[in-house]
file run.txt (compact mmCIF, C-alpha atoms and all ligand atoms)
# COMPACT_ATOMS: atom_id res chain seq x y z
CA MET U 63 -18.99 30.91 -11.63
CA GLY U 64 -19.42 27.13 -11.94
CA SER U 65 -22.28 25.36 -10.25
CA SER U 66 -21.79 22.30 -8.04
CA ARG U 67 -23.06 20.20 -10.97
CA ASP U 68 -20.29 21.42 -13.27
CA PRO U 69 -17.65 18.80 -14.11
CA GLU U 70 -14.65 18.86 -11.75
CA TYR U 71 -12.19 19.04 -14.65
CA ASP U 72 -12.10 20.53 -18.11
CA VAL U 73 -9.82 17.78 -19.41
CA ILE U 74 -8.89 14.36 -18.06
CA ILE U 75 -6.09 12.54 -19.84
CA VAL U 76 -5.87 8.79 -19.26
CA GLY U 77 -2.27 7.57 -19.52
CA SER U 78 1.04 9.30 -18.89
CA GLY U 79 3.15 7.94 -21.77
CA PRO U 80 4.49 10.33 -24.44
CA ALA U 81 1.02 10.90 -25.96
CA GLY U 82 -0.70 11.81 -22.69
CA ILE U 83 2.09 14.00 -21.36
CA SER U 84 2.51 15.76 -24.71
CA THR U 85 -1.23 16.50 -24.82
CA ALA U 86 -1.11 17.94 -21.30
CA ILE U 87 1.93 20.14 -21.99
CA HIS U 88 0.66 21.47 -25.34
CA LEU U 89 -2.70 22.19 -23.79
CA THR U 90 -1.34 24.14 -20.86
CA GLN U 91 0.90 26.09 -23.23
CA LEU U 92 -2.11 27.04 -25.34
CA ILE U 93 -4.35 27.84 -22.33
CA PRO U 94 -2.12 28.50 -19.28
CA SER U 95 -5.16 29.16 -17.07
CA ILE U 96 -6.42 25.60 -17.62
CA LYS U 97 -3.64 24.04 -15.51
CA ASN U 98 -5.76 23.45 -12.41
CA ARG U 99 -8.58 22.00 -14.50
CA VAL U 100 -6.49 19.33 -16.26
CA ILE U 101 -5.45 16.06 -14.73
CA VAL U 102 -3.56 13.00 -15.98
CA LEU U 103 -4.57 9.62 -14.53
CA GLU U 104 -1.96 6.86 -14.78
CA LYS U 105 -2.50 3.26 -13.74
CA GLU U 106 1.17 2.52 -12.96
CA THR U 107 3.85 4.36 -10.98
CA HIS U 108 6.83 5.75 -12.92
CA PRO U 109 9.34 4.48 -13.77
CA ARG U 110 6.86 1.96 -15.13
CA LYS U 111 7.83 -0.92 -17.36
CA LYS U 112 7.64 -0.25 -21.09
CA ILE U 113 8.52 -2.84 -23.72
CA CYS U 114 10.07 -0.86 -26.57
CA GLY U 115 13.04 -0.74 -28.94
CA GLY U 116 13.87 2.68 -27.54
CA GLY U 117 15.02 3.96 -30.96
CA VAL U 118 14.64 7.73 -31.27
CA GLY U 119 15.85 10.08 -33.97
CA ALA U 120 15.38 13.43 -35.60
CA TYR U 121 11.58 13.16 -35.69
CA THR U 122 11.40 12.62 -31.92
CA ASP U 123 13.76 15.56 -31.38
CA TYR U 124 11.56 17.68 -33.64
CA TRP U 125 8.46 16.92 -31.54
CA LEU U 126 10.34 17.46 -28.29
CA GLN U 127 11.39 20.86 -29.65
CA ARG U 128 7.80 21.64 -30.61
CA LEU U 129 6.90 20.92 -26.97
CA GLY U 130 9.47 23.54 -26.06
CA ILE U 131 11.02 21.39 -23.35
CA LYS U 132 14.57 20.31 -22.65
CA MET U 133 15.07 16.86 -21.18
CA SER U 134 18.48 15.58 -20.29
CA ILE U 135 18.40 11.82 -20.39
CA LYS U 136 21.10 9.29 -21.19
CA SER U 137 21.10 7.82 -24.68
CA THR U 138 23.33 5.57 -26.77
CA THR U 139 24.41 6.95 -30.13
CA ILE U 140 24.11 4.58 -33.08
CA GLN U 141 27.04 4.98 -35.44
CA ARG U 142 25.51 3.23 -38.43
CA THR U 143 22.45 1.28 -39.43
CA ARG U 144 22.80 -1.87 -41.46
CA ILE U 145 19.82 -3.07 -43.45
CA VAL U 146 19.77 -6.80 -44.22
CA LEU U 147 17.59 -7.67 -47.16
CA ASP U 148 17.99 -11.18 -48.45
CA HIS U 149 17.59 -14.71 -47.08
CA ASP U 150 21.10 -15.51 -46.05
CA GLY U 151 22.02 -12.04 -44.93
CA HIS U 152 24.56 -11.46 -47.69
CA VAL U 153 22.80 -8.44 -49.15
CA ASP U 154 23.48 -5.69 -46.65
CA TYR U 155 23.17 -1.96 -47.09
CA CYS U 156 24.36 0.68 -44.71
CA PHE U 157 22.29 3.79 -44.48
CA ASP U 158 22.87 7.05 -42.78
CA VAL U 159 19.55 7.34 -41.02
CA GLY U 160 20.49 10.56 -39.27
CA GLU U 161 20.62 11.02 -35.55
CA LEU U 162 19.48 7.58 -34.45
CA ARG U 163 20.07 6.77 -30.80
CA THR U 164 18.55 4.54 -28.18
CA VAL U 165 17.00 5.40 -24.85
CA ILE U 166 15.67 3.35 -22.00
CA ARG U 167 11.95 3.94 -22.24
CA GLU U 168 11.36 3.80 -18.51
CA GLU U 169 13.86 6.67 -18.07
CA PHE U 170 12.57 8.64 -21.06
CA ASP U 171 8.94 8.47 -19.93
CA GLU U 172 9.80 9.27 -16.32
CA ALA U 173 11.78 12.34 -17.48
CA LEU U 174 8.79 13.49 -19.54
CA LEU U 175 6.53 13.07 -16.53
CA ARG U 176 8.96 15.05 -14.32
CA THR U 177 9.02 17.83 -16.90
CA ALA U 178 5.22 17.99 -16.93
CA ARG U 179 5.09 18.11 -13.14
CA ASP U 180 7.69 20.88 -13.11
CA LEU U 181 5.35 22.81 -15.41
CA GLY U 182 2.59 22.43 -12.81
CA ILE U 183 0.63 19.62 -14.49
CA LYS U 184 -1.08 17.28 -12.04
CA VAL U 185 -0.53 13.57 -12.65
CA ILE U 186 -2.06 10.98 -10.33
CA GLU U 187 -0.26 7.66 -10.53
CA ASN U 188 -1.57 4.28 -9.40
CA GLN U 189 -5.01 5.34 -10.66
CA PRO U 190 -6.26 2.80 -13.24
CA VAL U 191 -9.27 3.96 -15.23
CA THR U 192 -11.75 1.13 -15.61
CA SER U 193 -14.40 2.77 -17.80
CA PHE U 194 -16.33 5.95 -18.49
CA PHE U 195 -19.93 6.96 -19.16
CA TYR U 196 -21.77 10.16 -20.02
CA ARG U 197 -23.83 12.15 -17.54
CA GLY U 198 -25.36 15.38 -18.82
CA GLU U 199 -22.58 17.58 -20.19
CA ALA U 200 -19.81 15.53 -18.68
CA ALA U 201 -17.92 12.30 -19.05
CA VAL U 202 -17.66 10.36 -15.80
CA VAL U 203 -14.34 8.56 -15.55
CA GLN U 204 -14.33 5.52 -13.28
CA THR U 205 -11.44 4.23 -11.22
CA PRO U 206 -11.52 1.73 -8.33
CA LYS U 207 -10.98 4.57 -5.85
CA ARG U 208 -13.45 7.18 -7.09
CA ASN U 209 -15.17 8.72 -10.11
CA PHE U 210 -13.94 11.92 -11.82
CA THR U 211 -16.08 14.17 -14.00
CA THR U 212 -14.74 16.10 -16.98
CA ARG U 213 -15.86 18.07 -20.00
CA ILE U 214 -13.32 16.35 -22.25
CA LEU U 215 -11.65 12.95 -21.98
CA VAL U 216 -8.41 12.05 -23.79
CA GLY U 217 -7.58 8.37 -24.25
CA ALA U 218 -3.77 8.19 -24.12
CA ASP U 219 -3.88 4.78 -22.54
CA GLY U 220 -1.81 2.90 -25.10
CA VAL U 221 -2.41 0.06 -27.48
CA GLN U 222 -4.91 -1.77 -25.27
CA SER U 223 -6.83 1.43 -24.59
CA ILE U 224 -9.96 1.04 -22.52
CA ILE U 225 -11.21 4.38 -23.81
CA ARG U 226 -10.81 3.25 -27.43
CA ARG U 227 -12.69 0.01 -26.74
CA LYS U 228 -15.65 2.00 -25.43
CA LEU U 229 -15.83 3.92 -28.73
CA TYR U 230 -16.56 0.70 -30.64
CA LYS U 231 -19.83 0.24 -28.82
CA ASN U 232 -22.25 -0.28 -31.72
CA PRO U 233 -22.53 -3.81 -33.14
CA GLY U 234 -21.90 -2.48 -36.68
CA GLN U 235 -18.65 -0.75 -35.69
CA ARG U 236 -15.68 -3.02 -36.25
CA SER U 237 -12.13 -1.98 -35.60
CA PRO U 238 -9.76 -2.48 -38.55
CA ARG U 239 -7.14 -5.16 -37.96
CA ASN U 240 -4.37 -2.74 -37.20
CA THR U 241 -2.36 -4.17 -34.38
CA CYS U 242 1.07 -5.58 -34.90
CA SER U 243 2.56 -8.28 -32.69
CA THR U 244 6.12 -7.76 -31.54
CA LEU U 245 8.62 -9.67 -29.45
CA ARG U 246 11.49 -7.97 -27.69
CA PHE U 247 14.60 -9.66 -26.33
CA MET U 248 17.06 -7.75 -24.18
CA THR U 249 20.50 -9.24 -23.55
CA ARG U 250 23.92 -8.21 -22.26
CA ALA U 251 26.33 -7.56 -25.08
CA ASP U 252 29.63 -8.68 -23.56
CA SER U 253 29.21 -12.37 -24.35
CA LEU U 254 28.70 -11.69 -28.03
CA TYR U 255 30.96 -11.97 -31.01
CA PHE U 256 30.61 -8.28 -31.88
CA SER U 257 33.89 -6.49 -32.31
CA ASP U 258 34.33 -3.04 -30.77
CA GLN U 259 33.65 -1.15 -33.94
CA ARG U 260 30.37 -3.02 -34.59
CA GLU U 261 29.01 -2.49 -31.12
CA GLN U 262 27.28 0.76 -31.96
CA GLU U 263 25.66 -0.64 -35.09
CA ALA U 264 21.91 -1.01 -35.44
CA ILE U 265 20.57 -3.81 -37.63
CA ILE U 266 17.22 -3.84 -39.38
CA ASP U 267 16.66 -7.21 -40.98
CA PHE U 268 13.96 -7.66 -43.62
CA SER U 269 15.03 -11.18 -44.53
CA CYS U 270 12.24 -12.50 -42.30
CA THR U 271 9.76 -10.74 -44.59
CA PHE U 272 11.07 -12.74 -47.51
CA ARG U 273 11.48 -16.03 -45.75
CA HIS U 274 8.26 -16.17 -43.78
CA ARG U 275 6.10 -13.81 -45.82
CA ILE U 276 5.26 -11.50 -42.96
CA ARG U 277 5.08 -7.72 -43.18
CA GLY U 278 7.78 -6.85 -40.73
CA TYR U 279 11.42 -6.87 -39.72
CA ALA U 280 13.77 -7.88 -36.95
CA TRP U 281 15.92 -5.31 -35.19
CA SER U 282 19.01 -5.15 -33.03
CA PHE U 283 19.77 -1.86 -31.26
CA PRO U 284 22.73 -1.32 -28.91
CA VAL U 285 21.84 0.34 -25.63
CA SER U 286 23.73 1.06 -22.45
CA ILE U 287 21.90 0.12 -19.26
CA GLY U 288 23.63 1.35 -16.11
CA GLY U 289 26.96 1.37 -17.99
CA GLN U 290 26.44 -2.21 -19.20
CA ALA U 291 26.46 -2.68 -22.98
CA CYS U 292 23.23 -4.44 -23.98
CA LEU U 293 21.39 -5.32 -27.14
CA ASN U 294 17.72 -4.55 -27.55
CA THR U 295 16.58 -7.02 -30.22
CA GLY U 296 13.19 -8.04 -31.45
CA VAL U 297 10.84 -8.79 -34.28
CA GLY U 298 7.56 -7.23 -35.32
CA GLY U 299 5.08 -8.27 -37.96
CA PHE U 300 2.47 -5.80 -39.19
CA SER U 301 0.30 -8.59 -40.61
CA THR U 302 0.52 -10.76 -37.53
CA SER U 303 -1.77 -11.34 -34.61
CA GLN U 304 -1.33 -13.08 -31.28
CA LYS U 305 -1.79 -16.47 -32.92
CA ASP U 306 1.39 -15.83 -34.94
CA GLY U 307 3.43 -15.74 -31.70
CA PRO U 308 5.20 -19.06 -32.44
CA LEU U 309 6.20 -17.82 -35.93
CA LEU U 310 7.59 -14.55 -34.56
CA ARG U 311 9.45 -16.51 -31.90
CA LYS U 312 10.95 -18.76 -34.60
CA ILE U 313 12.08 -15.69 -36.55
CA LEU U 314 13.56 -14.18 -33.41
CA VAL U 315 15.44 -17.39 -32.60
CA GLU U 316 16.88 -17.48 -36.15
CA PHE U 317 17.82 -13.80 -35.99
CA LEU U 318 19.57 -14.24 -32.64
CA ALA U 319 21.26 -17.49 -33.67
CA ALA U 320 22.77 -15.75 -36.72
CA ARG U 321 24.44 -13.42 -34.20
CA GLY U 322 25.59 -16.13 -31.83
CA ILE U 323 22.94 -15.42 -29.20
CA SER U 324 20.74 -18.06 -27.61
CA LEU U 325 17.35 -17.52 -26.00
CA ASN U 326 18.63 -18.40 -22.53
CA GLU U 327 20.78 -15.25 -22.54
CA GLY U 328 17.73 -13.02 -22.01
CA LYS U 329 13.98 -12.87 -21.79
CA VAL U 330 11.42 -12.78 -24.61
CA GLU U 331 8.63 -10.26 -23.96
CA GLY U 332 5.68 -9.55 -26.23
CA TRP U 333 3.64 -6.39 -26.70
CA PRO U 334 1.53 -5.09 -29.61
CA ILE U 335 1.76 -1.82 -31.53
CA ARG U 336 -1.38 -0.24 -32.99
CA TRP U 337 -0.67 1.29 -36.37
CA PHE U 338 -2.55 4.15 -37.92
CA HIS U 339 -5.46 3.17 -40.13
CA PRO U 340 -7.73 5.86 -41.61
CA ASP U 341 -10.83 3.67 -41.04
CA SER U 342 -10.29 3.70 -37.28
CA ILE U 343 -12.46 5.66 -34.88
CA PHE U 344 -10.40 8.51 -33.41
CA SER U 345 -13.00 10.40 -31.40
CA ALA U 346 -16.53 10.51 -30.02
CA ASP U 347 -18.63 13.07 -28.20
CA ARG U 348 -16.26 14.69 -25.62
CA VAL U 349 -13.60 12.02 -26.28
CA LEU U 350 -10.32 12.00 -28.25
CA LEU U 351 -7.72 9.30 -28.79
CA VAL U 352 -3.98 9.95 -29.08
CA GLY U 353 -0.79 7.89 -29.51
CA ASP U 354 -0.99 4.11 -29.57
CA ALA U 355 -4.67 4.29 -28.64
CA ALA U 356 -5.27 6.05 -31.99
CA GLY U 357 -2.54 4.39 -34.08
CA VAL U 358 1.10 5.16 -34.90
CA ASP U 359 3.61 4.49 -37.69
CA PRO U 360 2.57 1.56 -39.93
CA LEU U 361 6.01 1.33 -41.54
CA TRP U 362 8.60 0.97 -38.77
CA GLY U 363 6.35 0.95 -35.70
CA GLU U 364 7.91 4.25 -34.66
CA GLY U 365 5.61 5.50 -31.95
CA ILE U 366 7.40 7.91 -29.63
CA ALA U 367 7.63 10.81 -32.09
CA PHE U 368 4.09 10.29 -33.38
CA SER U 369 2.69 10.08 -29.85
CA LEU U 370 4.35 13.40 -29.04
CA GLY U 371 2.90 14.82 -32.28
CA TYR U 372 -0.61 13.60 -31.47
CA GLY U 373 -0.46 15.80 -28.36
CA HIS U 374 -0.25 18.86 -30.62
CA VAL U 375 -3.27 17.85 -32.70
CA ALA U 376 -5.36 16.96 -29.66
CA ALA U 377 -4.51 20.11 -27.71
CA ASN U 378 -5.53 22.30 -30.66
CA ALA U 379 -8.75 20.33 -31.13
CA ILE U 380 -9.53 20.84 -27.43
CA VAL U 381 -8.91 24.59 -27.66
CA HIS U 382 -11.25 24.71 -30.65
CA ALA U 383 -13.91 22.79 -28.68
CA PHE U 384 -13.79 25.30 -25.81
CA VAL U 385 -13.87 28.30 -28.14
CA SER U 386 -16.76 26.97 -30.26
CA GLU U 387 -18.47 25.20 -27.34
CA ASP U 388 -18.78 22.21 -29.63
CA PHE U 389 -17.55 19.10 -27.86
CA SER U 390 -18.59 16.60 -30.54
CA PHE U 391 -15.06 16.28 -32.01
CA THR U 392 -16.61 15.23 -35.31
CA THR U 393 -13.81 17.04 -37.17
CA TYR U 394 -10.96 15.50 -35.15
CA LYS U 395 -10.13 12.90 -37.81
CA ASP U 396 -9.99 15.59 -40.54
CA ARG U 397 -7.85 17.71 -38.27
CA LEU U 398 -5.54 14.75 -37.69
CA VAL U 399 -5.26 13.75 -41.34
CA GLY U 400 -4.66 17.38 -42.33
CA HIS U 401 -1.99 17.83 -39.66
CA GLU U 402 1.68 17.23 -40.42
CA ILE U 403 1.72 14.03 -38.35
CA GLY U 404 -1.40 12.78 -40.14
CA GLN U 405 0.28 13.49 -43.48
CA GLU U 406 3.38 11.62 -42.37
CA LEU U 407 1.25 8.70 -41.13
CA MET U 408 -0.58 8.56 -44.48
CA ASN U 409 2.77 8.64 -46.35
CA ARG U 410 4.14 5.86 -44.22
CA LEU U 411 0.99 3.82 -44.77
CA GLN U 412 1.59 4.02 -48.52
CA TRP U 413 5.28 3.16 -48.14
CA ALA U 414 4.41 0.24 -45.84
CA ASP U 415 1.96 -1.12 -48.43
CA LYS U 416 4.64 -0.97 -51.11
CA LEU U 417 7.47 -2.24 -48.97
CA TYR U 418 5.73 -5.13 -47.29
CA ARG U 419 4.04 -6.30 -50.47
CA SER U 420 7.41 -6.72 -52.18
CA HIS U 421 9.16 -9.99 -51.74
CA ASN U 422 12.22 -9.50 -53.84
CA THR U 423 15.41 -7.82 -52.78
CA ALA U 424 15.69 -5.42 -55.69
CA ASP U 425 12.23 -3.94 -55.18
CA VAL U 426 12.68 -3.58 -51.46
CA LYS U 427 16.07 -1.93 -51.94
CA ASP U 428 14.59 0.51 -54.46
CA ILE U 429 11.75 1.40 -52.13
CA LEU U 430 14.09 1.95 -49.22
CA LEU U 431 16.43 4.09 -51.29
CA SER U 432 13.86 6.16 -53.13
CA LEU U 433 11.17 6.64 -50.54
CA ILE U 434 12.38 5.97 -47.08
CA LEU U 435 16.08 6.41 -46.68
CA PRO U 436 17.20 8.94 -49.24
CA ARG U 437 20.58 9.51 -47.56
CA ARG U 438 22.53 6.38 -48.32
CA ASN U 439 25.92 5.96 -46.75
CA GLY U 440 28.52 3.41 -47.82
C1 LIG J 501 8.43 -4.07 -28.88
C2 LIG J 501 8.20 -2.64 -29.25
C3 LIG J 501 9.25 -1.88 -29.75
C4 LIG J 501 9.05 -0.53 -30.06
N1 LIG J 501 10.13 0.18 -30.49
C5 LIG J 501 9.99 1.50 -30.73
C6 LIG J 501 11.12 2.28 -31.10
O1 LIG J 501 12.24 1.78 -31.16
N2 LIG J 501 10.93 3.60 -31.34
C7 LIG J 501 9.69 4.19 -31.25
O2 LIG J 501 9.57 5.40 -31.50
N3 LIG J 501 8.60 3.47 -30.90
C8 LIG J 501 8.72 2.15 -30.62
N4 LIG J 501 7.62 1.42 -30.24
C9 LIG J 501 6.30 2.07 -30.17
C10 LIG J 501 6.17 2.92 -28.91
O3 LIG J 501 6.60 2.19 -27.78
C11 LIG J 501 4.71 3.35 -28.71
O4 LIG J 501 4.17 3.76 -29.94
C12 LIG J 501 4.59 4.49 -27.70
O5 LIG J 501 4.98 4.07 -26.43
C13 LIG J 501 3.15 5.02 -27.63
O6 LIG J 501 3.06 5.99 -26.62
P1 LIG J 501 1.68 6.24 -25.86
O7 LIG J 501 1.90 7.36 -24.94
O8 LIG J 501 0.58 6.29 -26.84
O9 LIG J 501 1.44 4.88 -25.05
P2 LIG J 501 2.25 4.24 -23.85
O10 LIG J 501 3.67 4.64 -23.89
O11 LIG J 501 1.95 2.80 -23.88
O12 LIG J 501 1.59 4.91 -22.56
C14 LIG J 501 0.28 4.59 -22.19
C15 LIG J 501 0.18 4.85 -20.70
O13 LIG J 501 -1.18 4.63 -20.30
C16 LIG J 501 -1.19 3.92 -19.09
N5 LIG J 501 -2.47 3.23 -19.02
C17 LIG J 501 -2.88 2.18 -19.75
N6 LIG J 501 -4.13 1.83 -19.40
C18 LIG J 501 -4.52 2.68 -18.44
C19 LIG J 501 -5.70 2.80 -17.67
N7 LIG J 501 -6.73 1.98 -17.84
N8 LIG J 501 -5.77 3.79 -16.75
C20 LIG J 501 -4.73 4.66 -16.56
N9 LIG J 501 -3.58 4.56 -17.26
C21 LIG J 501 -3.47 3.59 -18.19
C22 LIG J 501 0.00 2.99 -19.21
O14 LIG J 501 0.41 2.53 -17.92
C23 LIG J 501 1.01 3.89 -19.87
O15 LIG J 501 1.78 4.61 -18.95
C24 LIG J 501 7.78 0.07 -29.91
C25 LIG J 501 6.72 -0.69 -29.40
C26 LIG J 501 6.92 -2.02 -29.07
C27 LIG J 501 5.77 -2.82 -28.52

call {"tool": "encode", "arguments": {"input": "run.txt", "output": "structure tokens"}}
result
Amino acid sequence: MGSSRDPEYDVIIVGSGPAGISTAIHLTQLIPSIKNRVIVLEKETHPRKKICGGGVGAYTDYWLQRLGIKMSIKSTTIQRTRIVLDHDGHVDYCFDVGELRTVIREEFDEALLRTARDLGIKVIENQPVTSFFYRGEAAVVQTPKRNFTTRILVGADGVQSIIRRKLYKNPGQRSPRNTCSTLRFMTRADSLYFSDQREQEAIIDFSCTFRHRIRGYAWSFPVSIGGQACLNTGVGGFSTSQKDGPLLRKILVEFLAARGISLNEGKVEGWPIRWFHPDSIFSADRVLLVGDAAGVDPLWGEGIAFSLGYGHVAANAIVHAFVSEDFSFTTYKDRLVGHEIGQELMNRLQWADKLYRSHNTADVKDILLSLILPRRNG
């Protein structure tokens, strides 16, 4: 029997995006009896705004399957993906990238949350976590309304994670520069020059890498919003920071202009992505990071699938902590790097290094064909 000084919860998860919800579901599948001792705290109320390209494919489906859940949400199927490589856009390649489709993130994340609730997982929305501290054998999680105590705390609170920031508490500990600035621009598609057959085409344009020497690409993904054909476009640069905002904006303007779109047809919104870097801190005593808080795909910025995958690693690490009664999580990084998502993140880090260091079309094409997109089409 627990004493009144025992923590209220075994696990508190901060953030109810794909990483947080996946962690909660995996955990309750591994230890069904833990359900009443796990809670997810979310600062917003779903459907909450999420700036994203919304591109999902086979890897996301794989991790949804591993969660063992079925979600029926609307998506837009992409018929082909065109890769633009050189300066003037003349060198185009079409790749069969498999089952690429687009979702509206707000709907996707709300569906995930509903699924978790249907499984009996408690999520409290409108509950922003402001900080945490240690007291005895517990972490005390602070919110403006009240404090919560827990044996284990999971930081699934996204790229600007408060939990992650607290882990870099010693003056000697410096975070690697592993955030990527992105701009997204959503616009209606009916005023555009696209012909019917091109409407379902995704574009990934590396010509900005060549022209402006940034490690990144611009994208254009078709998406249907309430039956209205729209384009989700944007640009991301893995070597950029906030100060490069004007450069990214310039690239976005050029990318849109090449497609007959002007900035006054939509709204430019910026949000970073944190990419996986092995020198990052991923855990501390009683604390784990998952998803964007830990770092996702350094190649494409694909984060949904990896965030779902992180949930599997974290849930297993938590089970191990309870069984061994060792809550230090000193082996979490090894566990992550040895896990299939860690292996994939390490692979993508290598590919990203090769790809974004190349500034000639032939090299980039070779890298894409040999390493990244083995199934070429057309
Ligand atoms: C412009 C852009 C385009 C992208 N395009 C794609 C794409 O096409 N495909 C893809 O797979 N990935 C894409 N990504 C990456 C993807 O969006 C992220 O990697 C993914 O959302 C990470 O999931 P997460 O659960 O870790 O974080 P999030 O989805 O950000 O969820 C974190 C949650 O924590 C909550 N939270 C934050 N702080 C607190 C707090 N203090 N207290 C309580 N709750 C808190 C937030 O409200 C949020 O609900 C894109 C990202 C950007 C920025």

call {"tool": "residues_around", "arguments": {"input": "run.txt", "residues": "Ala264 of chain U", "least_positions_apart": "3", "cutoff": "6 Å", "atoms": "only C-alpha atoms", "output": "PyMOL selection string"}}
result
chain U and resi 143+282-283

call {"tool": "closest_residue", "arguments": {"input": "run.txt", "among": "U:Phe384, U:Phe368, U:Phe210, U:Phe389", "to": "ligand LIG 501 (chain J)", "atoms": "all atoms listed in the file"}}
result
U:Phe368

call {"tool": "atom_distance", "arguments": {"input": "run.txt", "atom1": "atom CA of Arg176 of chain U", "atom2": "atom CA of Gly79 of chain U"}}
result
11.8 Å

call {"tool": "residues_near_ligand", "arguments": {"input": "run.txt", "ligand": "ligand LIG 501 (chain J)", "cutoff": "7 Å", "atoms": "all atoms listed in the file", "output": "PyMOL selection string"}}
result
chain U and resi 76-82+103-106+110+112-118+189-192+218-224+244-246+296+332-335+352-355+358+363-367+369

call {"tool": "residues_around", "arguments": {"input": "run.txt", "residues": "Ile214 of chain U", "least_positions_apart": "5", "cutoff": "9 Å", "atoms": "only C-alpha atoms", "output": "list of chain:residue names"}}
result
U:Tyr71, U:Asp72, U:Val73, U:Ile74, U:Ile75, U:Ala200, U:Ala201, U:Asp347, U:Arg348, U:Val349, U:Leu350, U:Ile380, U:Phe389

call {"tool": "atom_distance", "arguments": {"input": "run.txt", "atom1": "atom CA of Ile323 of chain U", "atom2": "atom CA of Gly299 of chain U"}}
result
21.1 Å

call {"tool": "residues_around", "arguments": {"input": "run.txt", "residues": "segment 107-109 of chain U", "least_positions_apart": "6", "cutoff": "12 Å", "atoms": "all atoms listed in the file", "output": "tab-separated table (two decimals) with C-alpha atoms, keeping the file's coordinate frame"}}
result
chain	number	residue	atom	x	y	z
U	77	GLY	CA	-2.27	7.57	-19.52
U	78	SER	CA	1.04	9.30	-18.89
U	79	GLY	CA	3.15	7.94	-21.77
U	166	ILE	CA	15.67	3.35	-22.00
U	167	ARG	CA	11.95	3.94	-22.24
U	168	GLU	CA	11.36	3.80	-18.51
U	169	GLU	CA	13.86	6.67	-18.07
U	170	PHE	CA	12.57	8.64	-21.06
U	171	ASP	CA	8.94	8.47	-19.93
U	172	GLU	CA	9.80	9.27	-16.32
U	173	ALA	CA	11.78	12.34	-17.48
U	174	LEU	CA	8.79	13.49	-19.54
U	175	LEU	CA	6.53	13.07	-16.53
U	176	ARG	CA	8.96	15.05	-14.32
U	185	VAL	CA	-0.53	13.57	-12.65
U	186	ILE	CA	-2.06	10.98	-10.33
U	187	GLU	CA	-0.26	7.66	-10.53
U	188	ASN	CA	-1.57	4.28	-9.40
U	189	GLN	CA	-5.01	5.34	-10.66
U	190	PRO	CA	-6.26	2.80	-13.24

call {"tool": "atom_distance", "arguments": {"input": "run.txt", "atom1": "atom CA of Gln290 of chain U", "atom2": "atom CA of Ala320 of chain U"}}
result
22.4 Å

call {"tool": "residues_near_point", "arguments": {"input": "run.txt", "point": "(-4.7, 26.3, -25.7)", "cutoff": "10 Å", "atoms": "all atoms listed in the file", "output": "list of chain:residue names"}}
result
U:Ile87, U:His88, U:Leu89, U:Thr90, U:Gln91, U:Leu92, U:Ile93, U:Pro94, U:Ser95, U:Ile96, U:His374, U:Ala377, U:Asn378, U:Ala379, U:Ile380, U:Val381, U:His382, U:Phe384, U:Val385

call {"tool": "write_last_selection", "arguments": {"input": "run.txt", "atoms": "C-alpha atoms", "output": "PDB file, keeping the file's coordinate frame"}}
result
ATOM      1  CA  ILE U  87       1.930  20.140 -21.990  1.00  0.00           C
ATOM      2  CA  HIS U  88       0.660  21.470 -25.340  1.00  0.00           C
ATOM      3  CA  LEU U  89      -2.700  22.190 -23.790  1.00  0.00           C
ATOM      4  CA  THR U  90      -1.340  24.140 -20.860  1.00  0.00           C
ATOM      5  CA  GLN U  91       0.900  26.090 -23.230  1.00  0.00           C
ATOM      6  CA  LEU U  92      -2.110  27.040 -25.340  1.00  0.00           C
ATOM      7  CA  ILE U  93      -4.350  27.840 -22.330  1.00  0.00           C
ATOM      8  CA  PRO U  94      -2.120  28.500 -19.280  1.00  0.00           C
ATOM      9  CA  SER U  95      -5.160  29.160 -17.070  1.00  0.00           C
ATOM     10  CA  ILE U  96      -6.420  25.600 -17.620  1.00  0.00           C
ATOM     11  CA  HIS U 374      -0.250  18.860 -30.620  1.00  0.00           C
ATOM     12  CA  ALA U 377      -4.510  20.110 -27.710  1.00  0.00           C
ATOM     13  CA  ASN U 378      -5.530  22.300 -30.660  1.00  0.00           C
ATOM     14  CA  ALA U 379      -8.750  20.330 -31.130  1.00  0.00           C
ATOM     15  CA  ILE U 380      -9.530  20.840 -27.430  1.00  0.00           C
ATOM     16  CA  VAL U 381      -8.910  24.590 -27.660  1.00  0.00           C
ATOM     17  CA  HIS U 382     -11.250  24.710 -30.650  1.00  0.00           C
ATOM     18  CA  PHE U 384     -13.790  25.300 -25.810  1.00  0.00           C
ATOM     19  CA  VAL U 385     -13.870  28.300 -28.140  1.00  0.00           C
TER      20      VAL U 385
END
